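S.K.: For reference, this is work26.txt, and it has compact mmCIF, C-alpha atoms (C1' of nucleotides).
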```txt
# COMPACT_ATOMS: atom_id res chain seq x y z
CA MET P 1036 49.57 260.82 5.84
CA THR P 1037 51.75 260.77 8.94
CA THR P 1038 54.90 260.25 6.86
CA ARG P 1039 56.32 263.11 4.89
CA SER P 1040 59.46 262.92 2.79
CA ASP P 1041 61.51 264.26 5.70
CA ALA P 1042 64.20 262.34 7.48
CA PRO P 1043 62.61 259.23 8.95
CA THR P 1044 61.37 259.58 12.48
CA ARG P 1045 62.84 257.51 15.26
CA ARG P 1046 59.71 255.40 15.42
CA GLU P 1047 60.02 254.68 11.71
CA GLN P 1048 63.67 253.73 12.04
CA ILE P 1049 62.80 251.33 14.82
CA LEU P 1050 59.95 249.77 12.89
CA LYS P 1051 62.10 249.30 9.82
CA GLU P 1052 64.93 247.62 11.69
CA ALA P 1053 62.56 245.55 13.78
CA ALA P 1054 60.89 244.32 10.61
CA ARG P 1055 64.23 243.30 9.14
CA LEU P 1056 65.32 241.50 12.28
CA PHE P 1057 61.98 239.78 12.84
CA ALA P 1058 62.03 238.57 9.25
CA GLU P 1059 65.58 237.28 9.55
CA ARG P 1060 65.42 235.52 12.87
CA GLY P 1061 61.80 235.34 13.88
CA PHE P 1062 59.95 237.35 16.49
CA HIS P 1063 61.11 235.29 19.46
CA GLY P 1064 64.62 235.08 18.06
CA VAL P 1065 65.29 238.81 18.34
CA GLY P 1066 65.92 240.61 21.60
CA VAL P 1067 64.98 244.18 22.35
CA ASP P 1068 68.64 244.99 22.88
CA GLU P 1069 69.36 244.00 19.29
CA ILE P 1070 66.57 246.15 17.95
CA GLY P 1071 67.83 249.05 19.98
CA ALA P 1072 71.41 248.51 18.83
CA ALA P 1073 70.22 248.51 15.20
CA VAL P 1074 69.05 252.11 15.58
CA GLY P 1075 71.90 253.28 17.80
CA ILE P 1076 70.16 253.31 21.14
CA SER P 1077 70.26 250.53 23.61
CA GLY P 1078 67.61 248.18 24.88
CA PRO P 1079 65.09 249.82 27.17
CA GLY P 1080 65.30 253.10 25.28
CA LEU P 1081 62.78 251.58 22.90
CA TYR P 1082 60.13 251.87 25.58
CA ARG P 1083 60.03 255.64 25.05
CA HIS P 1084 58.50 254.88 21.63
CA PHE P 1085 56.61 251.62 22.00
CA ALA P 1086 54.69 249.98 24.82
CA GLY P 1087 56.62 246.76 24.27
CA LYS P 1088 58.01 244.32 21.77
CA ASP P 1089 54.54 243.03 20.96
CA ALA P 1090 53.39 246.53 20.09
CA MET P 1091 56.10 246.83 17.44
CA LEU P 1092 55.02 243.64 15.76
CA ALA P 1093 51.38 244.64 15.97
CA GLU P 1094 52.00 248.02 14.38
CA LEU P 1095 54.02 246.38 11.62
CA LEU P 1096 51.42 243.77 10.76
CA VAL P 1097 48.44 246.10 10.97
CA GLY P 1098 50.34 248.58 8.83
CA ILE P 1099 51.19 246.03 6.18
CA SER P 1100 47.69 244.66 5.91
CA GLY P 1101 46.21 248.14 5.82
CA GLN P 1102 48.61 249.34 3.15
CA LEU P 1103 47.92 246.35 0.95
CA LEU P 1104 44.16 246.77 1.27
CA THR P 1105 44.23 250.53 0.77
CA GLY P 1106 46.42 250.22 -2.30
CA ALA P 1107 44.19 247.54 -3.75
CA LYS P 1108 41.05 249.62 -3.22
CA ARG P 1109 42.70 252.60 -4.90
CA ARG P 1110 43.79 250.51 -7.86
CA LEU P 1111 40.36 248.98 -8.16
CA ALA P 1112 38.79 252.43 -8.34
CA GLU P 1113 41.38 253.84 -10.72
CA ALA P 1114 41.68 250.97 -13.16
CA ASP P 1115 37.97 250.23 -13.34
CA GLY P 1116 36.42 250.87 -16.71
CA GLY P 1117 39.38 249.17 -18.33
CA GLY P 1118 37.75 245.82 -17.73
CA PRO P 1119 38.53 243.14 -15.18
CA GLU P 1120 41.73 242.11 -16.97
CA ALA P 1121 43.18 245.58 -16.51
CA VAL P 1122 42.12 245.67 -12.86
CA LEU P 1123 43.70 242.29 -12.22
CA ASP P 1124 46.90 243.44 -13.87
CA SER P 1125 46.95 246.47 -11.63
CA LEU P 1126 46.40 244.38 -8.50
CA ILE P 1127 49.20 242.04 -9.51
CA GLU P 1128 51.49 244.96 -10.21
CA GLY P 1129 50.77 246.49 -6.83
CA HIS P 1130 51.39 243.28 -4.95
CA ILE P 1131 54.64 242.69 -6.81
CA ASP P 1132 55.84 246.21 -6.04
CA PHE P 1133 55.16 245.59 -2.39
CA ALA P 1134 56.82 242.17 -2.39
CA LEU P 1135 59.92 243.50 -4.13
CA ASP P 1136 60.28 246.72 -2.15
CA ASP P 1137 59.38 245.49 1.33
CA ARG P 1138 60.56 241.91 1.49
CA PRO P 1139 60.86 241.79 5.27
CA LEU P 1140 57.30 242.98 5.68
CA ILE P 1141 55.99 240.45 3.20
CA THR P 1142 57.82 237.77 5.12
CA LEU P 1143 56.42 238.83 8.47
CA HIS P 1144 52.96 239.21 7.10
CA ASP P 1145 52.26 235.49 6.83
CA ARG P 1146 54.73 234.20 9.38
CA GLU P 1147 54.34 235.96 12.69
CA LEU P 1148 50.62 236.60 12.77
CA ASP P 1149 50.08 234.15 15.62
CA ARG P 1150 52.36 236.11 17.94
CA LEU P 1151 49.82 238.94 18.23
CA ARG P 1152 47.37 239.75 21.00
CA ASP P 1153 43.89 238.54 20.19
CA SER P 1154 42.46 241.94 19.30
CA ASP P 1155 45.35 242.85 17.01
CA ARG P 1156 45.31 239.48 15.33
CA LYS P 1157 41.60 239.79 14.72
CA MET P 1158 42.09 243.16 13.06
CA VAL P 1159 44.94 241.94 10.88
CA ARG P 1160 42.98 238.90 9.82
CA GLN P 1161 40.02 241.05 8.93
CA LEU P 1162 42.15 243.31 6.75
CA GLN P 1163 43.76 240.30 5.11
CA ARG P 1164 40.38 238.74 4.45
CA GLN P 1165 39.09 241.92 2.84
CA TYR P 1166 42.18 242.01 0.65
CA VAL P 1167 41.66 238.41 -0.41
CA GLU P 1168 37.97 238.92 -1.11
CA LEU P 1169 38.72 241.95 -3.23
CA TRP P 1170 41.08 239.83 -5.31
CA VAL P 1171 38.58 236.98 -5.50
CA GLY P 1172 35.95 239.28 -6.93
CA VAL P 1173 38.26 240.62 -9.60
CA VAL P 1174 39.61 237.17 -10.46
CA ARG P 1175 36.12 235.79 -10.90
CA GLU P 1176 35.25 238.65 -13.23
CA ALA P 1177 38.35 238.03 -15.30
CA HIS P 1178 37.89 234.25 -15.19
CA PRO P 1179 34.16 233.56 -14.92
CA GLU P 1180 34.65 229.81 -15.25
CA LEU P 1181 36.12 229.72 -11.73
CA GLY P 1182 33.87 228.90 -8.81
CA GLU P 1183 34.30 230.86 -5.61
CA PRO P 1184 36.25 228.25 -3.61
CA ALA P 1185 38.57 227.59 -6.55
CA ALA P 1186 39.08 231.31 -7.06
CA ARG P 1187 39.93 231.80 -3.41
CA SER P 1188 42.40 228.94 -3.44
CA ALA P 1189 43.91 230.31 -6.64
CA VAL P 1190 44.32 233.74 -5.05
CA HIS P 1191 46.10 232.30 -2.03
CA SER P 1192 48.36 230.28 -4.27
CA VAL P 1193 49.25 233.26 -6.41
CA PHE P 1194 50.07 235.17 -3.23
CA GLY P 1195 52.45 232.34 -2.43
CA LEU P 1196 53.99 232.73 -5.86
CA LEU P 1197 54.36 236.50 -5.61
CA ASN P 1198 55.60 236.36 -2.03
CA SER P 1199 58.41 234.02 -3.01
CA THR P 1200 60.62 237.03 -3.75
CA PRO P 1201 62.57 236.68 -0.48
CA HIS P 1202 63.86 233.35 -1.76
CA LEU P 1203 65.05 234.76 -5.07
CA GLY P 1204 67.76 237.08 -3.81
CA ARG P 1205 70.00 234.59 -2.01
CA GLY P 1206 72.55 234.39 -4.81
CA GLY P 1207 73.33 237.70 -6.47
CA SER P 1208 72.82 236.45 -10.00
CA LEU P 1209 69.16 237.26 -10.39
CA PRO P 1210 68.04 239.55 -13.19
CA GLY P 1211 67.13 243.14 -12.46
CA ARG P 1212 64.09 244.32 -10.61
CA GLY P 1213 62.15 245.09 -13.74
CA ALA P 1214 62.76 241.71 -15.32
CA THR P 1215 61.84 239.94 -12.10
CA ALA P 1216 58.64 241.92 -11.81
CA GLU P 1217 57.71 241.08 -15.39
CA LEU P 1218 58.43 237.41 -14.89
CA LEU P 1219 56.32 237.25 -11.74
CA HIS P 1220 53.52 239.12 -13.47
CA ARG P 1221 53.45 236.74 -16.42
CA MET P 1222 53.52 233.72 -14.14
CA ALA P 1223 50.67 235.03 -12.01
CA ARG P 1224 48.54 235.66 -15.07
CA GLY P 1225 49.41 232.22 -16.43
CA ALA P 1226 48.54 230.59 -13.13
CA PHE P 1227 45.12 232.26 -13.00
CA ALA P 1228 44.42 231.42 -16.63
CA ALA P 1229 45.33 227.78 -16.03
CA ALA P 1230 43.25 227.59 -12.85
CA GLY P 1231 40.14 227.33 -15.01
CA GLY P 1232 39.76 224.09 -16.99
CA MET H 80 64.39 202.31 5.38
CA THR H 81 64.38 202.72 9.15
CA THR H 82 60.61 203.08 9.27
CA ARG H 83 58.40 200.03 8.88
CA SER H 84 54.63 200.16 9.00
CA ASP H 85 54.67 199.27 12.71
CA ALA H 86 53.43 201.55 15.42
CA PRO H 87 55.47 204.75 15.31
CA THR H 88 58.54 204.81 17.47
CA ARG H 89 58.87 207.31 20.28
CA ARG H 90 61.46 209.26 18.29
CA GLU H 91 59.00 209.52 15.40
CA GLN H 92 56.20 210.68 17.67
CA ILE H 93 58.45 213.37 19.07
CA LEU H 94 59.58 214.53 15.64
CA LYS H 95 56.03 214.71 14.37
CA GLU H 96 54.76 216.74 17.30
CA ALA H 97 57.82 218.95 17.32
CA ALA H 98 57.29 219.68 13.63
CA ARG H 99 53.68 220.65 14.25
CA LEU H 100 54.56 222.89 17.18
CA PHE H 101 57.54 224.53 15.44
CA ALA H 102 55.35 225.25 12.42
CA GLU H 103 52.60 226.72 14.58
CA ARG H 104 54.59 228.91 16.91
CA GLY H 105 58.13 229.04 15.58
CA PHE H 106 61.23 227.30 16.86
CA HIS H 107 61.93 229.78 19.64
CA GLY H 108 58.26 229.97 20.54
CA VAL H 109 58.04 226.34 21.65
CA GLY H 110 59.51 225.01 24.87
CA VAL H 111 60.82 221.53 25.41
CA ASP H 112 58.17 221.01 28.08
CA GLU H 113 55.47 221.55 25.47
CA ILE H 114 57.02 219.09 23.07
CA GLY H 115 57.28 216.55 25.84
CA ALA H 116 53.69 217.12 26.90
CA ALA H 117 52.53 216.58 23.32
CA VAL H 118 53.83 213.02 23.42
CA GLY H 119 52.83 212.30 27.01
CA ILE H 120 56.21 212.61 28.69
CA SER H 121 57.47 215.68 30.35
CA GLY H 122 60.26 218.03 29.49
CA PRO H 123 63.68 216.59 30.11
CA GLY H 124 62.54 213.10 29.15
CA LEU H 125 63.15 214.18 25.57
CA TYR H 126 66.88 214.13 26.21
CA ARG H 127 66.78 210.31 26.25
CA HIS H 128 66.02 210.54 22.52
CA PHE H 129 67.66 213.72 21.27
CA ALA H 130 70.79 215.62 22.17
CA GLY H 131 68.77 218.82 22.42
CA LYS H 132 66.11 220.99 20.89
CA ASP H 133 68.42 222.00 18.05
CA ALA H 134 68.97 218.36 17.16
CA MET H 135 65.24 217.85 16.64
CA LEU H 136 65.03 220.75 14.23
CA ALA H 137 68.15 219.60 12.43
CA GLU H 138 66.84 216.09 11.96
CA LEU H 139 63.53 217.44 10.71
CA LEU H 140 65.05 219.80 8.16
CA VAL H 141 67.67 217.39 6.89
CA GLY H 142 64.99 214.72 6.63
CA ILE H 143 62.65 216.93 4.64
CA SER H 144 65.28 218.10 2.22
CA GLY H 145 66.57 214.59 1.74
CA GLN H 146 63.12 213.15 1.17
CA LEU H 147 62.28 215.79 -1.40
CA LEU H 148 65.52 215.26 -3.28
CA THR H 149 65.34 211.46 -3.15
CA GLY H 150 61.76 211.46 -4.37
CA ALA H 151 62.59 213.83 -7.18
CA LYS H 152 65.54 211.70 -8.31
CA ARG H 153 63.38 208.61 -8.30
CA ARG H 154 60.65 210.32 -10.30
CA LEU H 155 63.21 211.66 -12.76
CA ALA H 156 64.53 208.13 -13.34
CA GLU H 157 61.09 206.54 -13.56
CA ALA H 158 59.29 209.06 -15.73
CA ASP H 159 62.16 209.61 -18.13
CA GLY H 160 61.47 208.43 -21.66
CA GLY H 161 58.04 210.02 -21.44
CA GLY H 162 59.59 213.34 -22.38
CA PRO H 163 60.30 216.40 -20.25
CA GLU H 164 56.63 217.30 -19.95
CA ALA H 165 55.87 214.01 -18.25
CA VAL H 166 58.87 214.35 -15.95
CA LEU H 167 57.83 217.85 -14.97
CA ASP H 168 54.31 216.63 -14.26
CA SER H 169 55.71 213.94 -12.04
CA LEU H 170 57.90 216.41 -10.13
CA ILE H 171 54.94 218.71 -9.61
CA GLU H 172 52.81 215.83 -8.44
CA GLY H 173 55.43 214.72 -5.96
CA HIS H 174 55.90 218.18 -4.52
CA ILE H 175 52.13 218.65 -4.19
CA ASP H 176 51.77 215.34 -2.39
CA PHE H 177 54.42 216.41 0.04
CA ALA H 178 52.93 219.86 0.55
CA LEU H 179 49.46 218.45 1.16
CA ASP H 180 50.47 215.55 3.39
CA ASP H 181 53.17 217.19 5.47
CA ARG H 182 52.15 220.79 5.81
CA PRO H 183 54.10 221.45 9.00
CA LEU H 184 57.28 220.18 7.40
CA ILE H 185 56.79 222.28 4.30
CA THR H 186 56.33 225.27 6.55
CA LEU H 187 59.45 224.61 8.56
CA HIS H 188 61.48 223.90 5.48
CA ASP H 189 61.73 227.52 4.38
CA ARG H 190 61.17 229.25 7.68
CA GLU H 191 63.49 227.91 10.37
CA LEU H 192 66.58 227.13 8.33
CA ASP H 193 68.58 229.89 9.96
CA ARG H 194 68.17 228.37 13.42
CA LEU H 195 70.51 225.49 12.54
CA ARG H 196 74.13 224.95 13.45
CA ASP H 197 76.45 225.87 10.60
CA SER H 198 77.22 222.33 9.52
CA ASP H 199 73.58 221.27 9.48
CA ARG H 200 72.51 224.39 7.67
CA LYS H 201 75.16 223.82 5.04
CA MET H 202 73.93 220.28 4.46
CA VAL H 203 70.28 221.33 4.21
CA ARG H 204 71.13 224.12 1.81
CA GLN H 205 73.11 221.73 -0.36
CA LEU H 206 70.20 219.31 -0.55
CA GLN H 207 67.80 222.15 -1.32
CA ARG H 208 70.11 223.45 -4.03
CA GLN H 209 70.34 220.03 -5.66
CA TYR H 210 66.56 219.79 -5.59
CA VAL H 211 66.19 223.18 -7.23
CA GLU H 212 68.81 222.44 -9.87
CA LEU H 213 67.09 219.18 -10.73
CA TRP H 214 63.88 221.10 -11.31
CA VAL H 215 65.68 223.80 -13.29
CA GLY H 216 67.07 221.19 -15.65
CA VAL H 217 63.68 219.63 -16.28
CA VAL H 218 61.94 222.97 -16.64
CA ARG H 219 64.46 224.13 -19.22
CA GLU H 220 63.92 220.95 -21.22
CA ALA H 221 60.18 221.43 -21.14
CA HIS H 222 60.44 225.18 -21.83
CA PRO H 223 63.60 225.73 -23.90
CA GLU H 224 62.85 229.42 -24.37
CA LEU H 225 63.71 230.05 -20.69
CA GLY H 226 67.21 231.13 -19.77
CA GLU H 227 68.79 229.64 -16.71
CA PRO H 228 68.26 232.58 -14.33
CA ALA H 229 64.64 232.94 -15.40
CA ALA H 230 64.09 229.21 -15.02
CA ARG H 231 65.56 229.25 -11.53
CA SER H 232 63.41 232.18 -10.50
CA ALA H 233 60.40 230.46 -11.98
CA VAL H 234 61.13 227.29 -10.01
CA HIS H 235 61.39 229.21 -6.75
CA SER H 236 58.16 231.01 -7.49
CA VAL H 237 56.31 227.81 -8.28
CA PHE H 238 57.59 226.39 -5.01
CA GLY H 239 56.02 229.40 -3.37
CA LEU H 240 52.77 228.62 -5.15
CA LEU H 241 52.77 224.94 -4.22
CA ASN H 242 53.87 225.61 -0.65
CA SER H 243 50.92 227.93 -0.11
CA THR H 244 48.84 224.94 1.02
CA PRO H 245 49.14 225.81 4.71
CA HIS H 246 47.20 229.00 3.99
CA LEU H 247 44.36 227.21 2.24
CA GLY H 248 42.99 225.23 5.15
CA ARG H 249 42.08 228.06 7.55
CA GLY H 250 38.41 228.02 6.69
CA GLY H 251 36.96 224.55 6.33
CA SER H 252 35.25 225.26 3.02
CA LEU H 253 38.02 224.23 0.68
CA PRO H 254 37.40 221.52 -1.90
CA GLY H 255 38.72 218.02 -1.34
CA ARG H 256 42.31 216.97 -1.46
CA GLY H 257 42.09 215.67 -5.02
CA ALA H 258 40.53 218.84 -6.39
CA THR H 259 43.07 221.00 -4.59
CA ALA H 260 45.93 218.91 -5.96
CA GLU H 261 44.56 219.23 -9.48
CA LEU H 262 44.10 222.96 -9.16
CA LEU H 263 47.63 223.47 -7.89
CA HIS H 264 48.99 221.26 -10.65
CA ARG H 265 47.22 223.19 -13.39
CA MET H 266 48.36 226.51 -11.92
CA ALA H 267 51.97 225.36 -11.70
CA ARG H 268 51.94 224.25 -15.32
CA GLY H 269 50.30 227.50 -16.37
CA ALA H 270 52.86 229.52 -14.46
CA PHE H 271 55.77 227.73 -16.12
CA ALA H 272 54.18 228.05 -19.54
CA ALA H 273 53.64 231.77 -19.02
CA ALA H 274 57.17 232.29 -17.74
CA GLY H 275 58.41 232.13 -21.31
CA GLY H 276 57.34 235.01 -23.58
C1' DC Q 1498 67.51 281.49 34.64
C1' DC Q 1499 64.63 278.19 36.00
C1' DT Q 1500 61.49 274.62 34.58
C1' DT Q 1501 59.94 271.05 31.91
C1' DC Q 1502 60.02 267.31 29.17
C1' DA Q 1503 61.40 264.22 25.43
C1' DG Q 1504 64.55 260.85 24.96
C1' DG Q 1505 68.12 258.72 26.51
C1' DT Q 1506 71.15 255.89 30.17
C1' DT Q 1507 72.35 251.79 33.59
C1' DA Q 1508 70.86 248.50 37.20
C1' DA Q 1509 68.15 245.13 38.40
C1' DC Q 1510 64.04 242.12 38.94
C1' DG Q 1511 61.20 238.26 37.91
C1' DA Q 1512 59.97 234.91 34.73
C1' DC Q 1513 61.14 231.54 31.64
C1' DC Q 1514 63.92 228.29 29.16
C1' DG Q 1515 67.30 224.72 27.83
C1' DC Q 1516 69.69 221.47 29.97
C1' DT Q 1517 71.89 218.54 33.69
C1' DA Q 1518 71.90 215.82 37.95
C1' DA Q 1519 70.18 212.55 40.69
C1' DC Q 1520 67.02 209.24 41.33
C1' DC Q 1521 63.35 205.74 40.28
C1' DT Q 1522 61.19 201.70 37.91
C1' DC Q 1523 60.32 198.52 35.04
C1' DG Q 1524 61.33 194.39 31.61
C1' DC Q 1525 65.04 191.56 30.09
C1' DT Q 1526 68.46 188.29 30.47
C1' DG Q 1527 72.51 185.33 32.23
C1' DC K 1404 67.04 186.27 41.24
C1' DA K 1405 70.60 189.60 40.63
C1' DG K 1406 71.86 193.02 37.66
C1' DC K 1407 71.37 196.32 34.27
C1' DG K 1408 70.11 199.35 30.83
C1' DA K 1409 66.22 201.93 28.62
C1' DG K 1410 63.26 205.37 29.57
C1' DG K 1411 61.08 207.88 32.66
C1' DT K 1412 60.65 211.36 36.94
C1' DT K 1413 61.52 215.93 39.78
C1' DA K 1414 64.68 219.57 41.44
C1' DG K 1415 67.39 222.96 40.26
C1' DC K 1416 71.18 225.67 37.94
C1' DG K 1417 72.74 229.26 34.80
C1' DG K 1418 71.65 232.27 31.38
C1' DT K 1419 68.64 235.14 28.76
C1' DC K 1420 64.78 238.05 28.02
C1' DG K 1421 61.15 241.64 28.50
C1' DT K 1422 60.18 245.09 31.37
C1' DT K 1423 60.49 248.58 35.08
C1' DA K 1424 62.82 251.93 38.11
C1' DA K 1425 65.68 255.55 38.88
C1' DC K 1426 68.51 258.78 37.13
C1' DC K 1427 70.68 261.99 33.62
C1' DT K 1428 70.91 265.54 29.88
C1' DG K 1429 70.14 269.02 26.61
C1' DA K 1430 67.04 271.92 24.18
C1' DA K 1431 62.75 274.80 24.27
C1' DG K 1432 60.00 278.40 26.47
C1' DG K 1433 58.05 281.72 29.62
```
Let's see the structure in the file written out as structure tokens.
M.R.:
Amino acid sequence: MTTRSDAPTRREQILKEAARLFAERGFHGVGVDEIGAAVGISGPGLYRHFAGKDAMLAELLVGISGQLLTGAKRRLAEADGGGPEAVLDSLIEGHIDFALDDRPLITLHDRELDRLRDSDRKMVRQLQRQYVELWVGVVREAHPELGEPAARSAVHSVFGLLNSTPHLGRGGSLPGRGATAELLHRMARGAFAAAGG
Amino acid sequence: MTTRSDAPTRREQILKEAARLFAERGFHGVGVDEIGAAVGISGPGLYRHFAGKDAMLAELLVGISGQLLTGAKRRLAEADGGGPEAVLDSLIEGHIDFALDDRPLITLHDRELDRLRDSDRKMVRQLQRQYVELWVGVVREAHPELGEPAARSAVHSVFGLLNSTPHLGRGGSLPGRGATAELLHRMARGAFAAAGG
DNA sequence: CCTTCAGGTTAACGACCGCTAACCTCGCTG
DNA sequence: CAGCGAGGTTAGCGGTCGTTAACCTGAAGG
């Protein structure tokens, strides 16, 4: 809602570069001067846009978790009626799109959560939990033989599988985006199917 | 070879606690005073055992990569003759054991690699690459329909799946170690099977 | 034209961190 | 028992980092 297709706002530039740097070198491994330099301003100029370094990370993580949950809810509403298999496919597709298009964010999302202030961390965890529970519900509909703990473990494991995309790009010889997405999708479905006896 | 079943040596204590702390808060997020305090000595006392903080991380990462590769080679030699399916099962089992028993190390292994000196990083990457290629070979024997790039991507993704164990333990309601290992094993096999058409 | 204000700048402060220096204290061992 | 080395200790140095303070500038608006 706040983002139109205009030129990206300064805040958005900063967030994007901060995400990349945090993902590459870790939150504590990046200085504010580097973040500033990445957007062409220097160091303390960032404080005209954010209250501090922590605030950047918080906005990134809350944003990621919210986007994932919102997208999942939308897909659940849209694809319903096609049966749980279709809904699960849509969830998988959405998560893969996110993992392929925003690799730094996916990396941050399960790596730097503990660097947040208590209130922010609580919010992010709540969003993440809702996202997981949404998946668990759909997975159990598509695979009724799975108990709830097994389904939840399976969901976390498939997230690990789908979030492995940052490790795929190191050498340049990977297949195209479409082929990668298809491969990941098939593997996720196979993993869920095999999770039951 | 250097470790007998005696009481752990001071160096080993330090490495273990450092691994836990690095995994929890990131390499740059942990101070040497904290590592010292975790083993009952304080701060600079660590320098009687290690050249510096970097050296601890280096020894951890090289050790992990070496252990994984050595174990995989041994399992390849032992389980051969039982066919590629049996070898693959053994590799999966070994990786799961490692992921379940040494969660902090598994976390560090793909998170703090970039904090190493060039020479150490090169060595770790070489060990990791050998480990991956060993898997790729076995996977392609067990699933001949997979091309090499697809097989390599599939291996990385299954690593992501198996390495998701740190995310499973947050709530205490997960099933026992054996059940978790079985679930992960089935999912890994299912993912590989589904990677081909 | 004067004011205002968003969005920059540089200087500098205080805290922290990795590491070294200097010193102490045991338990061996010749 | 003298000596010594392994393994600690505390004090402190030098550098870095996040943040603030003080100042500057150019564009918008009455």
S.K.: Rounded to one decimal in Å, what is the spacing between CA of Leu187 (chain H) and CA of Gly255 (chain H)?
M.R.: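 Separation of CA of Leu187 (chain H) and CA of Gly255 (chain H): 23.9 Å.
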S.K.: If you take all atoms listed in the file and a cut-off of 10 Å, which residues of chain K touch chain H, and what are their nearest atom pairs and distances in Å to one decimal, in chain and number order, as CSV?
M.R.:
```
residue,atom,partner,partner_atom,distance
K:DA1409,C1',H:Arg127,CA,8.7
K:DG1410,C1',H:Arg127,CA,6.9
K:DG1411,C1',H:Gly124,CA,6.5
K:DT1412,C1',H:Gly124,CA,8.2
K:DT1413,C1',H:Pro123,CA,9.9
```
S.K.: Using only C-alpha atoms, what table do you get, as JSON lines, when you list each residue of chain P with an atom no more than 7 Å from chain H, its nearest pair of atoms, and their distance in Å rounded to one decimal, rows by chain then rising number?
M.R.:
```
{"residue": "P:His1063", "atom": "CA", "partner": "H:His107", "partner_atom": "CA", "distance": 5.6}
{"residue": "P:Gly1064", "atom": "CA", "partner": "H:His107", "partner_atom": "CA", "distance": 6.2}
{"residue": "P:Pro1184", "atom": "CA", "partner": "H:Leu253", "partner_atom": "CA", "distance": 6.1}
{"residue": "P:Ser1188", "atom": "CA", "partner": "H:Leu247", "partner_atom": "CA", "distance": 6.3}
{"residue": "P:His1191", "atom": "CA", "partner": "H:Ser243", "partner_atom": "CA", "distance": 6.8}
{"residue": "P:Ser1192", "atom": "CA", "partner": "H:Leu240", "partner_atom": "CA", "distance": 4.8}
{"residue": "P:Val1193", "atom": "CA", "partner": "H:Leu240", "partner_atom": "CA", "distance": 6.0}
{"residue": "P:Gly1195", "atom": "CA", "partner": "H:Leu240", "partner_atom": "CA", "distance": 4.6}
{"residue": "P:Leu1196", "atom": "CA", "partner": "H:Leu240", "partner_atom": "CA", "distance": 4.3}
{"residue": "P:Leu1197", "atom": "CA", "partner": "H:Ser236", "partner_atom": "CA", "distance": 6.9}
{"residue": "P:Ser1199", "atom": "CA", "partner": "H:Gly239", "partner_atom": "CA", "distance": 5.2}
{"residue": "P:His1202", "atom": "CA", "partner": "H:His235", "partner_atom": "CA", "distance": 6.9}
{"residue": "P:Leu1203", "atom": "CA", "partner": "H:Ser232", "partner_atom": "CA", "distance": 6.2}
{"residue": "P:Leu1209", "atom": "CA", "partner": "H:Pro228", "partner_atom": "CA", "distance": 6.2}
{"residue": "P:Leu1218", "atom": "CA", "partner": "H:Ala274", "partner_atom": "CA", "distance": 6.0}
{"residue": "P:Arg1221", "atom": "CA", "partner": "H:Ala273", "partner_atom": "CA", "distance": 5.6}
{"residue": "P:Met1222", "atom": "CA", "partner": "H:Ala270", "partner_atom": "CA", "distance": 4.3}
{"residue": "P:Ala1223", "atom": "CA", "partner": "H:Ala270", "partner_atom": "CA", "distance": 6.4}
{"residue": "P:Gly1225", "atom": "CA", "partner": "H:Ala270", "partner_atom": "CA", "distance": 4.8}
{"residue": "P:Ala1226", "atom": "CA", "partner": "H:Met266", "partner_atom": "CA", "distance": 4.3}
{"residue": "P:Phe1227", "atom": "CA", "partner": "H:Met266", "partner_atom": "CA", "distance": 6.7}
{"residue": "P:Ala1229", "atom": "CA", "partner": "H:Gly269", "partner_atom": "CA", "distance": 5.0}
{"residue": "P:Ala1230", "atom": "CA", "partner": "H:Met266", "partner_atom": "CA", "distance": 5.3}
```
S.K.: Residues of chain Q that have any atom at most 9 Å from an atom of chain H: could you tabulate them with the shortest-distance atom pair and the distance in Å to one decimal, using all atoms listed in the file, ordered by chain and increasing number, as a tab-separated table?
M.R.:
```
residue	atom	partner	partner_atom	distance
Q:DC1514	C1'	H:Gly110	CA	7.0
Q:DG1515	C1'	H:Val111	CA	7.6
Q:DC1516	C1'	H:Pro123	CA	7.7
```
S.K.: For C-alpha atoms (C1' of nucleotides), I'd like the residues from the last selection saved as a compact mmCIF listing (two decimals), keeping the file's coordinate frame.
M.R.:
```
# COMPACT_ATOMS: atom_id res chain seq x y z
C1' DC Q 1514 63.92 228.29 29.16
C1' DG Q 1515 67.30 224.72 27.83
C1' DC Q 1516 69.69 221.47 29.97
```
S.K.: How many Å lie between CA of Gln207 (chain H) and CA of Ser144 (chain H), rounded to one decimal?
M.R.: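 CA of Gln207 (chain H) sits 5.9 Å away from CA of Ser144 (chain H).
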S.K.: Which is closest to DC1426 (chain K) among Q:DC1513, Q:DG1524, Q:DT1506, Q:DA1519, if we use all atoms listed in the file?
M.R.: Q:DT1506
